[in-house]
$ cat protein.pdb   # PDB, N, CA and C atoms
ATOM      1  N   MET A 160     -13.825 -40.852   7.047
ATOM      2  CA  MET A 160     -14.060 -39.709   6.186
ATOM      3  C   MET A 160     -14.241 -40.210   4.755
ATOM      4  N   GLN A 161     -15.254 -39.716   4.094
ATOM      5  CA  GLN A 161     -15.526 -40.135   2.722
ATOM      6  C   GLN A 161     -14.584 -39.425   1.749
ATOM      7  N   GLN A 162     -14.432 -40.006   0.564
ATOM      8  CA  GLN A 162     -13.567 -39.427  -0.465
ATOM      9  C   GLN A 162     -14.006 -38.014  -0.818
ATOM     10  N   ARG A 163     -15.308 -37.786  -0.906
ATOM     11  CA  ARG A 163     -15.841 -36.460  -1.255
ATOM     12  C   ARG A 163     -15.411 -35.419  -0.222
ATOM     13  N   ASP A 164     -15.419 -35.776   1.063
ATOM     14  CA  ASP A 164     -15.006 -34.857   2.122
ATOM     15  C   ASP A 164     -13.518 -34.545   2.036
ATOM     16  N   ARG A 165     -12.709 -35.525   1.691
ATOM     17  CA  ARG A 165     -11.264 -35.299   1.548
ATOM     18  C   ARG A 165     -10.964 -34.315   0.431
ATOM     19  N   ILE A 166     -11.675 -34.452  -0.678
ATOM     20  CA  ILE A 166     -11.474 -33.545  -1.811
ATOM     21  C   ILE A 166     -11.847 -32.120  -1.426
ATOM     22  N   ALA A 167     -12.957 -31.947  -0.734
ATOM     23  CA  ALA A 167     -13.398 -30.613  -0.316
ATOM     24  C   ALA A 167     -12.390 -29.970   0.626
ATOM     25  N   ILE A 168     -11.826 -30.748   1.531
ATOM     26  CA  ILE A 168     -10.848 -30.208   2.474
ATOM     27  C   ILE A 168      -9.573 -29.797   1.749
ATOM     28  N   GLN A 169      -9.144 -30.569   0.767
ATOM     29  CA  GLN A 169      -7.927 -30.261   0.035
ATOM     30  C   GLN A 169      -8.067 -28.990  -0.797
ATOM     31  N   GLN A 170      -9.267 -28.629  -1.192
ATOM     32  CA  GLN A 170      -9.471 -27.442  -1.996
ATOM     33  C   GLN A 170      -9.443 -26.169  -1.164
ATOM     34  N   ASN A 171      -9.617 -26.267   0.133
ATOM     35  CA  ASN A 171      -9.618 -25.095   1.000
ATOM     36  C   ASN A 171      -8.240 -24.858   1.602
ATOM     37  N   MET A 172      -7.992 -23.605   1.937
ATOM     38  CA  MET A 172      -6.745 -23.214   2.581
ATOM     39  C   MET A 172      -7.044 -22.861   4.037
ATOM     40  N   ARG A 173      -6.054 -23.026   4.865
ATOM     41  CA  ARG A 173      -6.184 -22.606   6.257
ATOM     42  C   ARG A 173      -5.447 -21.293   6.396
ATOM     43  N   GLY A 174      -6.086 -20.322   7.024
ATOM     44  CA  GLY A 174      -5.452 -19.027   7.173
ATOM     45  C   GLY A 174      -5.863 -18.326   8.453
ATOM     46  N   THR A 175      -5.039 -17.385   8.858
ATOM     47  CA  THR A 175      -5.314 -16.577  10.040
ATOM     48  C   THR A 175      -5.558 -15.147   9.594
ATOM     49  N   PHE A 176      -6.683 -14.600  10.009
ATOM     50  CA  PHE A 176      -7.039 -13.232   9.685
ATOM     51  C   PHE A 176      -7.186 -12.444  10.981
ATOM     52  N   VAL A 177      -6.573 -11.264  11.021
ATOM     53  CA  VAL A 177      -6.614 -10.404  12.202
ATOM     54  C   VAL A 177      -7.489  -9.207  11.860
ATOM     55  N   VAL A 178      -8.708  -9.206  12.399
ATOM     56  CA  VAL A 178      -9.669  -8.141  12.113
ATOM     57  C   VAL A 178     -10.048  -7.462  13.420
ATOM     58  N   ASN A 179      -9.879  -6.147  13.464
ATOM     59  CA  ASN A 179     -10.181  -5.356  14.661
ATOM     60  C   ASN A 179      -9.443  -5.888  15.890
ATOM     61  N   GLY A 180      -8.219  -6.360  15.693
ATOM     62  CA  GLY A 180      -7.402  -6.848  16.788
ATOM     63  C   GLY A 180      -7.685  -8.275  17.221
ATOM     64  N   GLU A 181      -8.675  -8.932  16.624
ATOM     65  CA  GLU A 181      -9.012 -10.303  16.979
ATOM     66  C   GLU A 181      -8.550 -11.252  15.886
ATOM     67  N   SER A 182      -7.830 -12.275  16.263
ATOM     68  CA  SER A 182      -7.302 -13.250  15.328
ATOM     69  C   SER A 182      -8.307 -14.386  15.133
ATOM     70  N   SER A 183      -8.531 -14.770  13.868
ATOM     71  CA  SER A 183      -9.435 -15.881  13.548
ATOM     72  C   SER A 183      -8.726 -16.833  12.602
ATOM     73  N   ASP A 184      -8.745 -18.100  12.942
ATOM     74  CA  ASP A 184      -8.131 -19.140  12.120
ATOM     75  C   ASP A 184      -9.265 -19.872  11.398
ATOM     76  N   ILE A 185      -9.290 -19.807  10.068
ATOM     77  CA  ILE A 185     -10.399 -20.385   9.307
ATOM     78  C   ILE A 185      -9.888 -21.161   8.101
ATOM     79  N   PHE A 186     -10.770 -21.964   7.518
ATOM     80  CA  PHE A 186     -10.544 -22.590   6.228
ATOM     81  C   PHE A 186     -11.358 -21.821   5.213
ATOM     82  N   TYR A 187     -10.746 -21.503   4.065
ATOM     83  CA  TYR A 187     -11.448 -20.752   3.027
ATOM     84  C   TYR A 187     -10.925 -21.181   1.663
ATOM     85  N   ALA A 188     -11.725 -20.940   0.641
ATOM     86  CA  ALA A 188     -11.330 -21.281  -0.719
ATOM     87  C   ALA A 188     -10.306 -20.266  -1.223
ATOM     88  N   PRO A 189      -9.246 -20.706  -1.889
ATOM     89  CA  PRO A 189      -8.170 -19.793  -2.310
ATOM     90  C   PRO A 189      -8.589 -18.775  -3.363
ATOM     91  N   TYR A 190      -9.695 -18.998  -4.031
ATOM     92  CA  TYR A 190     -10.153 -18.063  -5.066
ATOM     93  C   TYR A 190     -11.045 -16.954  -4.508
ATOM     94  N   LYS A 191     -11.352 -16.987  -3.223
ATOM     95  CA  LYS A 191     -12.254 -15.994  -2.640
ATOM     96  C   LYS A 191     -11.570 -14.651  -2.442
ATOM     97  N   THR A 192     -12.342 -13.593  -2.648
ATOM     98  CA  THR A 192     -11.827 -12.255  -2.378
ATOM     99  C   THR A 192     -11.862 -12.001  -0.873
ATOM    100  N   LEU A 193     -11.158 -10.971  -0.473
ATOM    101  CA  LEU A 193     -11.167 -10.585   0.939
ATOM    102  C   LEU A 193     -12.589 -10.237   1.372
ATOM    103  N   LEU A 194     -13.339  -9.572   0.520
ATOM    104  CA  LEU A 194     -14.730  -9.233   0.826
ATOM    105  C   LEU A 194     -15.547 -10.485   1.130
ATOM    106  N   GLU A 195     -15.403 -11.511   0.310
ATOM    107  CA  GLU A 195     -16.170 -12.751   0.508
ATOM    108  C   GLU A 195     -15.775 -13.453   1.798
ATOM    109  N   VAL A 196     -14.489 -13.487   2.109
ATOM    110  CA  VAL A 196     -14.041 -14.140   3.348
ATOM    111  C   VAL A 196     -14.538 -13.370   4.566
ATOM    112  N   LEU A 197     -14.444 -12.047   4.531
ATOM    113  CA  LEU A 197     -14.925 -11.251   5.658
ATOM    114  C   LEU A 197     -16.410 -11.480   5.906
ATOM    115  N   ARG A 198     -17.198 -11.437   4.848
ATOM    116  CA  ARG A 198     -18.652 -11.535   4.999
ATOM    117  C   ARG A 198     -19.142 -12.971   5.187
ATOM    118  N   GLU A 199     -18.635 -13.900   4.390
ATOM    119  CA  GLU A 199     -19.184 -15.264   4.374
ATOM    120  C   GLU A 199     -18.512 -16.207   5.366
ATOM    121  N   ASP A 200     -17.204 -16.122   5.491
ATOM    122  CA  ASP A 200     -16.491 -17.069   6.344
ATOM    123  C   ASP A 200     -16.286 -16.558   7.761
ATOM    124  N   LEU A 201     -16.095 -15.244   7.916
ATOM    125  CA  LEU A 201     -15.901 -14.667   9.248
ATOM    126  C   LEU A 201     -17.182 -14.044   9.804
ATOM    127  N   ASP A 202     -18.242 -14.011   9.009
ATOM    128  CA  ASP A 202     -19.539 -13.433   9.407
ATOM    129  C   ASP A 202     -19.413 -11.985   9.866
ATOM    130  N   LEU A 203     -18.540 -11.223   9.215
ATOM    131  CA  LEU A 203     -18.369  -9.799   9.503
ATOM    132  C   LEU A 203     -19.022  -9.016   8.361
ATOM    133  N   THR A 204     -20.275  -8.689   8.549
ATOM    134  CA  THR A 204     -21.061  -8.100   7.465
ATOM    135  C   THR A 204     -21.003  -6.577   7.426
ATOM    136  N   GLY A 205     -20.145  -5.967   8.208
ATOM    137  CA  GLY A 205     -20.001  -4.514   8.178
ATOM    138  C   GLY A 205     -19.390  -4.024   6.877
ATOM    139  N   THR A 206     -18.529  -4.827   6.273
ATOM    140  CA  THR A 206     -17.959  -4.498   4.970
ATOM    141  C   THR A 206     -19.012  -4.843   3.928
ATOM    142  N   LYS A 207     -19.370  -3.880   3.106
ATOM    143  CA  LYS A 207     -20.526  -4.024   2.209
ATOM    144  C   LYS A 207     -20.146  -4.387   0.788
ATOM    145  N   HIS A 208     -21.050  -5.150   0.157
ATOM    146  CA  HIS A 208     -20.974  -5.367  -1.289
ATOM    147  C   HIS A 208     -21.448  -4.078  -1.933
ATOM    148  N   GLY A 209     -20.740  -3.608  -2.895
ATOM    149  CA  GLY A 209     -21.177  -2.426  -3.642
ATOM    150  C   GLY A 209     -21.275  -2.809  -5.096
ATOM    151  N   CYS A 210     -20.392  -2.257  -5.879
ATOM    152  CA  CYS A 210     -20.393  -2.507  -7.313
ATOM    153  C   CYS A 210     -19.650  -3.794  -7.684
ATOM    154  N   GLU A 211     -18.775  -4.285  -6.807
ATOM    155  CA  GLU A 211     -17.891  -5.428  -7.042
ATOM    156  C   GLU A 211     -16.979  -5.220  -8.247
ATOM    157  N   LEU A 212     -16.742  -3.961  -8.613
ATOM    158  CA  LEU A 212     -15.843  -3.614  -9.707
ATOM    159  C   LEU A 212     -14.719  -2.692  -9.253
ATOM    160  N   GLY A 213     -14.711  -2.336  -7.971
ATOM    161  CA  GLY A 213     -13.690  -1.447  -7.448
ATOM    162  C   GLY A 213     -13.948   0.016  -7.735
ATOM    163  N   GLU A 214     -15.191   0.375  -7.985
ATOM    164  CA  GLU A 214     -15.508   1.757  -8.327
ATOM    165  C   GLU A 214     -16.196   2.543  -7.218
ATOM    166  N   CYS A 215     -16.888   1.862  -6.322
ATOM    167  CA  CYS A 215     -17.726   2.606  -5.362
ATOM    168  C   CYS A 215     -17.074   2.855  -4.007
ATOM    169  N   GLY A 216     -16.153   2.002  -3.564
ATOM    170  CA  GLY A 216     -15.491   2.189  -2.273
ATOM    171  C   GLY A 216     -16.251   1.645  -1.083
ATOM    172  N   ALA A 217     -17.412   1.045  -1.292
ATOM    173  CA  ALA A 217     -18.210   0.532  -0.171
ATOM    174  C   ALA A 217     -17.524  -0.631   0.544
ATOM    175  N   CYS A 218     -16.623  -1.316  -0.126
ATOM    176  CA  CYS A 218     -15.971  -2.493   0.450
ATOM    177  C   CYS A 218     -14.594  -2.188   1.024
ATOM    178  N   ALA A 219     -14.246  -0.917   1.138
ATOM    179  CA  ALA A 219     -12.900  -0.544   1.584
ATOM    180  C   ALA A 219     -12.635  -1.000   3.020
ATOM    181  N   VAL A 220     -11.465  -1.563   3.225
ATOM    182  CA  VAL A 220     -10.986  -1.927   4.562
ATOM    183  C   VAL A 220      -9.548  -1.436   4.665
ATOM    184  N   LEU A 221      -9.082  -1.228   5.861
ATOM    185  CA  LEU A 221      -7.680  -0.858   6.052
ATOM    186  C   LEU A 221      -6.883  -2.128   6.327
ATOM    187  N   VAL A 222      -5.890  -2.395   5.496
ATOM    188  CA  VAL A 222      -5.019  -3.546   5.659
ATOM    189  C   VAL A 222      -3.622  -2.996   5.924
ATOM    190  N   ASP A 223      -3.162  -3.155   7.144
ATOM    191  CA  ASP A 223      -1.879  -2.565   7.570
ATOM    192  C   ASP A 223      -1.832  -1.072   7.258
ATOM    193  N   GLY A 224      -2.957  -0.380   7.426
ATOM    194  CA  GLY A 224      -3.023   1.063   7.238
ATOM    195  C   GLY A 224      -3.311   1.520   5.827
ATOM    196  N   ALA A 225      -3.244   0.639   4.842
ATOM    197  CA  ALA A 225      -3.535   0.994   3.446
ATOM    198  C   ALA A 225      -4.978   0.620   3.120
ATOM    199  N   PRO A 226      -5.661   1.416   2.271
ATOM    200  CA  PRO A 226      -7.086   1.171   2.013
ATOM    201  C   PRO A 226      -7.396   0.452   0.696
ATOM    202  N   PRO A 227      -7.063  -0.840   0.552
ATOM    203  CA  PRO A 227      -7.457  -1.527  -0.677
ATOM    204  C   PRO A 227      -8.956  -1.792  -0.685
ATOM    205  N   LEU A 228      -9.505  -1.994  -1.851
ATOM    206  CA  LEU A 228     -10.913  -2.365  -1.979
ATOM    207  C   LEU A 228     -10.988  -3.884  -1.875
ATOM    208  N   SER A 229     -11.717  -4.380  -0.888
ATOM    209  CA  SER A 229     -11.697  -5.811  -0.593
ATOM    210  C   SER A 229     -12.342  -6.660  -1.677
ATOM    211  N   CYS A 230     -13.105  -6.058  -2.586
ATOM    212  CA  CYS A 230     -13.684  -6.835  -3.681
ATOM    213  C   CYS A 230     -12.659  -7.142  -4.765
ATOM    214  N   LEU A 231     -11.503  -6.465  -4.735
ATOM    215  CA  LEU A 231     -10.474  -6.657  -5.754
ATOM    216  C   LEU A 231      -9.240  -7.390  -5.243
ATOM    217  N   VAL A 232      -9.215  -7.723  -3.954
ATOM    218  CA  VAL A 232      -8.041  -8.350  -3.335
ATOM    219  C   VAL A 232      -8.377  -9.788  -2.962
ATOM    220  N   LEU A 233      -7.520 -10.714  -3.353
ATOM    221  CA  LEU A 233      -7.715 -12.092  -2.908
ATOM    222  C   LEU A 233      -7.422 -12.182  -1.416
ATOM    223  N   ALA A 234      -8.193 -12.992  -0.725
ATOM    224  CA  ALA A 234      -8.034 -13.120   0.726
ATOM    225  C   ALA A 234      -6.635 -13.589   1.097
ATOM    226  N   VAL A 235      -6.060 -14.445   0.295
ATOM    227  CA  VAL A 235      -4.731 -14.978   0.591
ATOM    228  C   VAL A 235      -3.687 -13.863   0.657
ATOM    229  N   GLU A 236      -3.898 -12.759  -0.044
ATOM    230  CA  GLU A 236      -2.961 -11.637  -0.014
ATOM    231  C   GLU A 236      -3.000 -10.877   1.317
ATOM    232  N   SER A 237      -4.090 -10.996   2.054
ATOM    233  CA  SER A 237      -4.250 -10.250   3.307
ATOM    234  C   SER A 237      -4.117 -11.120   4.542
ATOM    235  N   GLU A 238      -3.821 -12.369   4.340
ATOM    236  CA  GLU A 238      -3.715 -13.303   5.459
ATOM    237  C   GLU A 238      -2.621 -12.865   6.428
ATOM    238  N   GLY A 239      -2.959 -12.832   7.720
ATOM    239  CA  GLY A 239      -2.012 -12.489   8.765
ATOM    240  C   GLY A 239      -1.749 -11.003   8.929
ATOM    241  N   ARG A 240      -2.370 -10.166   8.120
ATOM    242  CA  ARG A 240      -2.160  -8.718   8.205
ATOM    243  C   ARG A 240      -3.273  -8.087   9.043
ATOM    244  N   ALA A 241      -2.993  -6.946   9.657
ATOM    245  CA  ALA A 241      -3.966  -6.261  10.521
ATOM    246  C   ALA A 241      -5.008  -5.552   9.660
ATOM    247  N   MET A 242      -6.278  -5.847   9.909
ATOM    248  CA  MET A 242      -7.373  -5.256   9.134
ATOM    249  C   MET A 242      -8.400  -4.603  10.043
ATOM    250  N   ARG A 243      -9.007  -3.558   9.524
ATOM    251  CA  ARG A 243     -10.158  -2.930  10.178
ATOM    252  C   ARG A 243     -10.949  -2.185   9.109
ATOM    253  N   PRO A 244     -12.229  -1.938   9.347
ATOM    254  CA  PRO A 244     -13.033  -1.248   8.345
ATOM    255  C   PRO A 244     -12.558   0.178   8.133
ATOM    256  N   CYS A 245     -12.692   0.664   6.933
ATOM    257  CA  CYS A 245     -12.332   2.046   6.620
ATOM    258  C   CYS A 245     -13.621   2.866   6.572
ATOM    259  N   ILE A 246     -14.016   3.379   7.709
ATOM    260  CA  ILE A 246     -15.267   4.121   7.825
ATOM    261  C   ILE A 246     -15.246   5.371   6.953
ATOM    262  N   ARG A 247     -14.130   6.066   6.903
ATOM    263  CA  ARG A 247     -14.039   7.290   6.122
ATOM    264  C   ARG A 247     -14.314   7.014   4.642
ATOM    265  N   CYS A 248     -13.738   5.932   4.100
ATOM    266  CA  CYS A 248     -13.971   5.577   2.693
ATOM    267  C   CYS A 248     -15.439   5.266   2.449
ATOM    268  N   ARG A 249     -16.024   4.509   3.361
ATOM    269  CA  ARG A 249     -17.417   4.104   3.188
ATOM    270  C   ARG A 249     -18.344   5.315   3.221
ATOM    271  N   LEU A 250     -18.118   6.231   4.155
ATOM    272  CA  LEU A 250     -18.955   7.429   4.241
ATOM    273  C   LEU A 250     -18.818   8.290   2.994
ATOM    274  N   ARG A 251     -17.588   8.468   2.533
ATOM    275  CA  ARG A 251     -17.376   9.269   1.325
ATOM    276  C   ARG A 251     -18.052   8.631   0.116
ATOM    277  N   SER A 252     -17.984   7.304   0.001
ATOM    278  CA  SER A 252     -18.605   6.640  -1.145
ATOM    279  C   SER A 252     -20.121   6.764  -1.093
ATOM    280  N   LEU A 253     -20.705   6.712   0.099
ATOM    281  CA  LEU A 253     -22.154   6.870   0.221
ATOM    282  C   LEU A 253     -22.587   8.292  -0.136
ATOM    283  N   ILE A 254     -21.832   9.271   0.313
ATOM    284  CA  ILE A 254     -22.140  10.666  -0.019
ATOM    285  C   ILE A 254     -22.018  10.882  -1.519
ATOM    286  N   TRP A 255     -20.943  10.359  -2.106
ATOM    287  CA  TRP A 255     -20.741  10.505  -3.553
ATOM    288  C   TRP A 255     -21.889   9.865  -4.321
ATOM    289  N   ALA A 256     -22.288   8.655  -3.931
ATOM    290  CA  ALA A 256     -23.351   7.936  -4.626
ATOM    291  C   ALA A 256     -24.679   8.684  -4.542
ATOM    292  N   SER A 257     -24.957   9.312  -3.412
ATOM    293  CA  SER A 257     -26.227  10.026  -3.267
ATOM    294  C   SER A 257     -26.275  11.275  -4.138
ATOM    295  N   ARG A 258     -25.119  11.820  -4.468
ATOM    296  CA  ARG A 258     -25.074  13.049  -5.263
ATOM    297  C   ARG A 258     -24.795  12.802  -6.747
ATOM    298  N   ASN A 259     -24.108  11.732  -7.051
ATOM    299  CA  ASN A 259     -23.639  11.487  -8.411
ATOM    300  C   ASN A 259     -23.918  10.049  -8.827
ATOM    301  N   ALA A 260     -25.162   9.667  -8.869
ATOM    302  CA  ALA A 260     -25.514   8.270  -9.112
ATOM    303  C   ALA A 260     -25.032   7.741 -10.463
ATOM    304  N   ALA A 261     -24.868   8.598 -11.446
ATOM    305  CA  ALA A 261     -24.524   8.122 -12.782
ATOM    306  C   ALA A 261     -23.013   7.996 -13.028
ATOM    307  N   THR A 262     -22.195   8.469 -12.117
ATOM    308  CA  THR A 262     -20.749   8.427 -12.350
ATOM    309  C   THR A 262     -20.042   7.655 -11.247
ATOM    310  N   ALA A 263     -18.870   7.143 -11.572
ATOM    311  CA  ALA A 263     -18.078   6.395 -10.588
ATOM    312  C   ALA A 263     -17.370   7.379  -9.655
ATOM    313  N   PRO A 264     -17.276   7.062  -8.368
ATOM    314  CA  PRO A 264     -16.618   7.974  -7.424
ATOM    315  C   PRO A 264     -15.108   7.943  -7.594
ATOM    316  N   PRO A 265     -14.445   8.988  -7.145
ATOM    317  CA  PRO A 265     -12.984   8.962  -7.168
ATOM    318  C   PRO A 265     -12.455   8.040  -6.090
ATOM    319  N   ALA A 266     -11.185   7.712  -6.165
ATOM    320  CA  ALA A 266     -10.569   6.888  -5.120
ATOM    321  C   ALA A 266     -10.543   7.658  -3.811
ATOM    322  N   PHE A 267     -10.783   6.970  -2.702
ATOM    323  CA  PHE A 267     -10.828   7.603  -1.396
ATOM    324  C   PHE A 267      -9.644   7.186  -0.548
ATOM    325  N   CYS A 268      -9.443   7.909   0.541
ATOM    326  CA  CYS A 268      -8.342   7.731   1.486
ATOM    327  C   CYS A 268      -7.076   8.083   0.880
TER
END

$ encode --input "protein.pdb" --output "structure tokens"
Amino acid sequence: MQQRDRIAIQQNMRGTFVVNGESSDIFYAPYKTLLEVLREDLDLTGTKHGCELGECGACAVLVDGAPPLSCLVLAVESEGRAMRPCIRCRLRSLIWASRNAATAPPAFC
């Protein structure tokens, strides 16, 4: 193994994520948000990029039953917790956006 490969491995964390009842053990960068890990590392693209400011609700997921916005949560905070998409939040945010494009939606769920 080359020195460059060792450095890259040391910068990543190993974690277990439980999404929709399926456990996945992956390596990910500790600075990544939950949204980035879901989409980029776990290839679960159902959770959408929206505003990336926590205003639109498009990235909402249920983590142990609570609906945090995955663009504002570090992945390390959700490691080992039960996650699933929050369809209700996503639908409400899409409806809000179609009617009120100039204003930020209220918090959902």

$ resolve_selection --input "protein.pdb" --expression "the PyMOL selection byres (((chain A and resi 237 and name CA) around 10) and name CA)" --output "list in words"
Gly174, Thr175, Phe176, Val177, Thr192, Leu193, Val222, Asp223, Ser229, Val232, Leu233, Ala234, Val235, Glu236, Glu238, Gly239, Arg240, Ala241 and Met242 of chain A

$ resolve_selection --input "protein.pdb" --expression "the PyMOL selection byres ((chain A and resi 218) around 5)" --output "compact mmCIF listing (two decimals) with N, CA and C atoms, keeping the file's coordinate frame"
# COMPACT_ATOMS: atom_id res chain seq x y z
N LYS A 207 -19.37 -3.88 3.11
CA LYS A 207 -20.53 -4.02 2.21
C LYS A 207 -20.15 -4.39 0.79
N GLY A 216 -16.15 2.00 -3.56
CA GLY A 216 -15.49 2.19 -2.27
C GLY A 216 -16.25 1.64 -1.08
N ALA A 217 -17.41 1.04 -1.29
CA ALA A 217 -18.21 0.53 -0.17
C ALA A 217 -17.52 -0.63 0.54
N ALA A 219 -14.25 -0.92 1.14
CA ALA A 219 -12.90 -0.54 1.58
C ALA A 219 -12.64 -1.00 3.02
N VAL A 220 -11.46 -1.56 3.22
CA VAL A 220 -10.99 -1.93 4.56
C VAL A 220 -9.55 -1.44 4.66
N LEU A 228 -9.51 -1.99 -1.85
CA LEU A 228 -10.91 -2.37 -1.98
C LEU A 228 -10.99 -3.88 -1.88
N SER A 229 -11.72 -4.38 -0.89
CA SER A 229 -11.70 -5.81 -0.59
C SER A 229 -12.34 -6.66 -1.68

$ atom_distance --input "protein.pdb" --atom1 "atom N of A:Gly205" --atom2 "atom N of A:Tyr190"
20.7 Å

$ closest_residue --input "protein.pdb" --among "A:Glu195, A:Gln170, A:Arg243, A:Thr206" --to "A:Gly224" --atoms "only N, CA and C atoms"
A:Arg243

$ atom_distance --input "protein.pdb" --atom1 "atom CA of A:Ser182" --atom2 "atom CA of A:Glu214"
29.2 Å

$ atom_distance --input "protein.pdb" --atom1 "atom C of A:Arg173" --atom2 "atom C of A:Tyr187"
7.2 Å

$ closest_residue --input "protein.pdb" --among "A:Leu231, A:Arg198, A:Lys191, A:Pro226" --to "A:Cys210" --atoms "only C-alpha atoms"
A:Leu231

$ decode --input "protein.pdb" --residues "stretch 187-256 of chain A" --atoms "C-alpha atoms" --output "compact mmCIF listing (two decimals), in the first residue's frame"
# COMPACT_ATOMS: atom_id res chain seq x y z
CA TYR A 187 -17.08 7.91 4.69
CA ALA A 188 -15.47 11.27 5.34
CA PRO A 189 -16.30 12.65 8.82
CA TYR A 190 -17.22 16.08 7.44
CA LYS A 191 -19.99 14.74 5.18
CA THR A 192 -23.62 15.48 5.88
CA LEU A 193 -26.16 12.71 6.16
CA LEU A 194 -27.55 13.82 2.79
CA GLU A 195 -24.16 13.37 1.12
CA VAL A 196 -23.58 9.93 2.66
CA LEU A 197 -27.06 8.72 1.68
CA ARG A 198 -26.73 9.90 -1.91
CA GLU A 199 -23.00 9.53 -2.66
CA ASP A 200 -21.76 6.69 -0.47
CA LEU A 201 -24.88 4.53 -0.13
CA ASP A 202 -26.25 5.36 -3.63
CA LEU A 203 -29.70 6.10 -2.18
CA THR A 204 -30.83 8.97 -4.37
CA GLY A 205 -34.42 9.13 -3.13
CA THR A 206 -33.42 11.81 -0.62
CA LYS A 207 -33.15 14.99 -2.68
CA HIS A 208 -30.86 17.99 -2.70
CA GLY A 209 -32.98 21.08 -2.28
CA CYS A 210 -31.80 24.38 -0.95
CA GLU A 211 -28.99 22.86 1.22
CA LEU A 212 -29.87 25.54 3.80
CA GLY A 213 -32.52 23.65 5.76
CA GLU A 214 -35.39 25.70 4.38
CA CYS A 215 -37.15 23.53 1.81
CA GLY A 216 -37.58 20.11 3.50
CA ALA A 217 -36.72 18.13 0.36
CA CYS A 218 -33.93 16.30 2.20
CA ALA A 219 -36.01 15.25 5.22
CA VAL A 220 -35.49 11.72 6.52
CA LEU A 221 -36.83 10.04 9.64
CA VAL A 222 -34.05 9.19 12.09
CA ASP A 223 -35.43 7.13 14.97
CA GLY A 224 -38.84 8.67 14.21
CA ALA A 225 -37.68 12.31 14.28
CA PRO A 226 -37.56 14.33 11.02
CA PRO A 227 -34.20 16.16 10.84
CA LEU A 228 -33.15 17.75 7.57
CA SER A 229 -30.29 15.60 6.29
CA CYS A 230 -28.48 18.57 4.72
CA LEU A 231 -27.92 20.02 8.22
CA VAL A 232 -26.93 16.84 10.09
CA LEU A 233 -23.46 15.31 10.02
CA ALA A 234 -23.56 11.65 9.06
CA VAL A 235 -21.63 10.68 12.17
CA GLU A 236 -24.57 11.89 14.30
CA SER A 237 -26.92 9.38 12.63
CA GLU A 238 -24.62 6.39 12.56
CA GLY A 239 -26.31 3.21 13.80
CA ARG A 240 -29.75 4.83 14.07
CA ALA A 241 -32.84 3.65 12.14
CA MET A 242 -33.52 5.84 9.09
CA ARG A 243 -36.15 5.99 6.39
CA PRO A 244 -37.33 8.70 3.98
CA CYS A 245 -39.94 11.14 5.22
CA ILE A 246 -42.39 11.10 2.33
CA ARG A 247 -44.87 13.39 4.07
CA CYS A 248 -42.22 16.13 4.52
CA ARG A 249 -41.09 15.84 0.93
CA LEU A 250 -44.63 16.05 -0.47
CA ARG A 251 -45.47 19.05 1.70
CA SER A 252 -42.28 20.85 0.64
CA LEU A 253 -43.03 20.24 -3.04
CA ILE A 254 -46.59 21.54 -2.66
CA TRP A 255 -45.34 24.58 -0.75
CA ALA A 256 -42.67 25.32 -3.38
